[in-house]
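In what follows, a single structure is set out as structure tokens and then discussed.
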Amino acid sequence: MGMDDRTVRAALERHWAASDASDFEVEHEIYHEDAVLDYPQSGERIHGRRNIQESRTVQPNKKRFTVRRMVGGGDLWVTEFVLTYDGVPSYTVSIMEFRDGRVAHETQYFADGFDPAPSRAHLVERVG
């Protein structure tokens with residue numbers, strides 16, 4: 001059974017707060033048992049909630065999550081956040097596809113920060 005958008009947003013807020021707190025049990029409650037997680041930049045696909053959880057539990061880095069925004073509706077939600085590994089920020093996008101109120105498929109994209117190109121530096125406002 002699906003959830004309304006407010007309920008999904010609340011579940012996502014709980015998920016990202018648990019991620020930031022390294023509460024691996026709560027962090028992974030949002031996933032279906034047969035969920036799939038894709039990391040296109042490294043060519044990895046992880047099948048199953050427990051495997052997704054274990055992959056994050058065994059990672060040795062100190063992680064922090066700062067959500068910049070969440071947008072979505074129905075079964076498709078996108079979260080932009082800064083994932084900081086050992087003090088180094090990575091600008092991240094998570095695309096979550098829900099089925100029956102839980103995440104069935106997630107794709108995460110990561111990008112390092114960079115300085116504006118000199119050719120456009122006079123056109124930009126520095127933020128963040």
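Each chain in the structure tokens gets a letter, A, B, ..., in the order shown, and its residues are numbered from 1; ligands are numbered from 1 in order too.
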
Compile the contact shell of Asn61 in chain A as a short mmCIF file (atom, residue, chain, number, x, y, z; two decimals) with N, CA and C atoms, in the first residue's frame: residues with an atom at most 10 Å away, counting only C-alpha atoms, same-chain residues fewer than 3 positions apart removed.
data_model
loop_
_atom_site.label_atom_id
_atom_site.label_comp_id
_atom_site.auth_asym_id
_atom_site.auth_seq_id
_atom_site.Cartn_x
_atom_site.Cartn_y
_atom_site.Cartn_z
N ARG A 56 27.23 -0.38 4.15
CA ARG A 56 27.40 0.91 4.82
C ARG A 56 27.98 0.74 6.22
N THR A 57 27.65 -0.35 6.87
CA THR A 57 28.14 -0.62 8.22
C THR A 57 29.65 -0.85 8.23
N VAL A 58 30.16 -1.56 7.23
CA VAL A 58 31.58 -1.92 7.21
C VAL A 58 32.48 -0.80 6.70
N ARG A 64 29.01 12.17 7.56
CA ARG A 64 27.98 13.12 7.98
C ARG A 64 27.12 13.43 6.76
N THR A 84 29.70 14.00 3.76
CA THR A 84 31.07 14.33 4.14
C THR A 84 31.73 13.08 4.70
N TYR A 85 32.78 12.64 4.02
CA TYR A 85 33.58 11.50 4.45
C TYR A 85 34.86 12.03 5.08
N ASP A 86 35.07 11.76 6.36
CA ASP A 86 36.29 12.19 7.04
C ASP A 86 36.60 13.67 6.77
N GLY A 87 35.56 14.50 6.78
CA GLY A 87 35.73 15.93 6.61
C GLY A 87 35.77 16.43 5.17
#

With a distance cut-off of 8 Å and only C-alpha atoms, select the neighbouring residues of range 111-125 of chain A, excluding the residue or stretch itself and same-chain residues fewer than 5 positions from it, and output the selection as a ChimeraX atom specification.
/A:89-92

Calculated over only C-alpha atoms, which of the candidates A:Ser42, A:Trp16, A:Ala35, A:Gln59 has the smallest distance to Arg102 in chain A?
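Ranked by minimum distance to Arg102 in chain A, first place goes to A:Ala35.
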
Can you pull out the residues contacting Glu80 in chain A? Cut-off 9 Å, using only C-alpha atoms, and skip same-chain residues under 2 positions away; I want them as a list in words.
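Selected residues are Thr66, Val67, Arg68, Arg69, Met70, Val71, Val78, Val82, Tyr91, Thr92, Val93, Ser94 and Ile95 of chain A.
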
For the selection just defined, write its residues with N, CA and C atoms to a file, as a PDB file, in the first residue's frame.
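Everything below was put into selection32.pdb:
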ATOM      1  N   THR A  66      24.229  16.133   5.227  1.00  0.00           N
ATOM      2  CA  THR A  66      23.540  17.412   5.324  1.00  0.00           C
ATOM      3  C   THR A  66      22.585  17.519   4.137  1.00  0.00           C
ATOM      4  N   VAL A  67      21.302  17.374   4.397  1.00  0.00           N
ATOM      5  CA  VAL A  67      20.305  17.436   3.331  1.00  0.00           C
ATOM      6  C   VAL A  67      20.134  18.889   2.891  1.00  0.00           C
ATOM      7  N   ARG A  68      20.230  19.108   1.591  1.00  0.00           N
ATOM      8  CA  ARG A  68      20.009  20.438   1.019  1.00  0.00           C
ATOM      9  C   ARG A  68      18.559  20.609   0.585  1.00  0.00           C
ATOM     10  N   ARG A  69      17.992  19.569  -0.027  1.00  0.00           N
ATOM     11  CA  ARG A  69      16.567  19.607  -0.372  1.00  0.00           C
ATOM     12  C   ARG A  69      16.082  18.227  -0.770  1.00  0.00           C
ATOM     13  N   MET A  70      14.781  18.034  -0.571  1.00  0.00           N
ATOM     14  CA  MET A  70      14.091  16.817  -0.998  1.00  0.00           C
ATOM     15  C   MET A  70      12.910  17.248  -1.854  1.00  0.00           C
ATOM     16  N   VAL A  71      12.797  16.656  -3.008  1.00  0.00           N
ATOM     17  CA  VAL A  71      11.660  16.939  -3.880  1.00  0.00           C
ATOM     18  C   VAL A  71      11.118  15.609  -4.386  1.00  0.00           C
ATOM     19  N   VAL A  78      13.672  12.621  -4.871  1.00  0.00           N
ATOM     20  CA  VAL A  78      15.071  12.972  -5.080  1.00  0.00           C
ATOM     21  C   VAL A  78      15.537  13.780  -3.880  1.00  0.00           C
ATOM     22  N   VAL A  82      24.858  16.837   1.026  1.00  0.00           N
ATOM     23  CA  VAL A  82      26.311  16.809   1.086  1.00  0.00           C
ATOM     24  C   VAL A  82      26.681  15.659   2.007  1.00  0.00           C
ATOM     25  N   TYR A  91      29.173  16.103  -3.069  1.00  0.00           N
ATOM     26  CA  TYR A  91      27.828  16.585  -3.388  1.00  0.00           C
ATOM     27  C   TYR A  91      27.084  15.416  -4.030  1.00  0.00           C
ATOM     28  N   THR A  92      25.958  15.045  -3.422  1.00  0.00           N
ATOM     29  CA  THR A  92      25.321  13.768  -3.717  1.00  0.00           C
ATOM     30  C   THR A  92      23.851  13.952  -4.074  1.00  0.00           C
ATOM     31  N   VAL A  93      23.393  13.132  -4.996  1.00  0.00           N
ATOM     32  CA  VAL A  93      21.976  13.066  -5.360  1.00  0.00           C
ATOM     33  C   VAL A  93      21.523  11.625  -5.191  1.00  0.00           C
ATOM     34  N   SER A  94      20.442  11.446  -4.464  1.00  0.00           N
ATOM     35  CA  SER A  94      19.824  10.137  -4.273  1.00  0.00           C
ATOM     36  C   SER A  94      18.461  10.160  -4.950  1.00  0.00           C
ATOM     37  N   ILE A  95      18.246   9.203  -5.835  1.00  0.00           N
ATOM     38  CA  ILE A  95      16.953   9.040  -6.498  1.00  0.00           C
ATOM     39  C   ILE A  95      16.343   7.758  -5.944  1.00  0.00           C
TER      40      ILE A  95
END

Closest to Asp5 in chain A among A:Asp75, A:Glu106, A:Glu25, A:Asp34, using only C-alpha atoms?
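Smallest distance to Asp5 in chain A is found for A:Asp75.
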
Once DSSP has gone over the backbone, tell me which residues of range 1-95 of chain A are in helix (DSSP H, G or I), as a list of chain:residue names.
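Going through range 1-95 of chain A, the helix (DSSP H, G or I) residues come out as A:Asp5, A:Arg6, A:Thr7, A:Val8, A:Arg9, A:Ala10, A:Ala11, A:Leu12, A:Glu13, A:Arg14, A:His15, A:Trp16, A:Ala17, A:Ala18, A:Ser19, A:Asp20, A:Phe24, A:Glu25, A:Val26, A:Glu27, A:Arg49, A:Arg50, A:Asn51, A:Ile52, A:Gln53, A:Glu54, A:Ser55, A:Arg56, A:Thr57.
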
Next, write the just-selected residues to a file, as a compact mmCIF listing (two decimals), in the first residue's frame, keeping C-alpha atoms as the atom set.
# COMPACT_ATOMS: atom_id res chain seq x y z
CA ASP A 5 3.61 12.51 0.24
CA ARG A 6 3.75 13.85 3.81
CA THR A 7 4.31 10.35 5.15
CA VAL A 8 7.04 9.65 2.58
CA ARG A 9 8.76 12.97 3.39
CA ALA A 10 8.68 12.10 7.11
CA ALA A 11 10.15 8.65 6.36
CA LEU A 12 12.90 10.28 4.29
CA GLU A 13 13.67 12.81 7.04
CA ARG A 14 13.95 9.91 9.51
CA HIS A 15 16.18 7.99 7.07
CA TRP A 16 18.60 10.89 6.48
CA ALA A 17 18.73 11.78 10.20
CA ALA A 18 19.55 8.15 11.00
CA SER A 19 22.18 8.14 8.24
CA ASP A 20 23.81 11.20 9.80
CA PHE A 24 22.21 1.68 10.67
CA GLU A 25 19.03 -0.12 11.82
CA VAL A 26 16.77 2.93 11.50
CA GLU A 27 18.59 4.12 8.36
CA ARG A 49 18.27 -4.44 2.26
CA ARG A 50 20.64 -6.42 4.49
CA ASN A 51 23.44 -6.23 1.90
CA ILE A 52 22.88 -2.49 1.48
CA GLN A 53 23.02 -2.08 5.25
CA GLU A 54 26.16 -4.20 5.60
CA SER A 55 27.93 -2.28 2.83
CA ARG A 56 27.40 0.91 4.82
CA THR A 57 28.14 -0.62 8.22
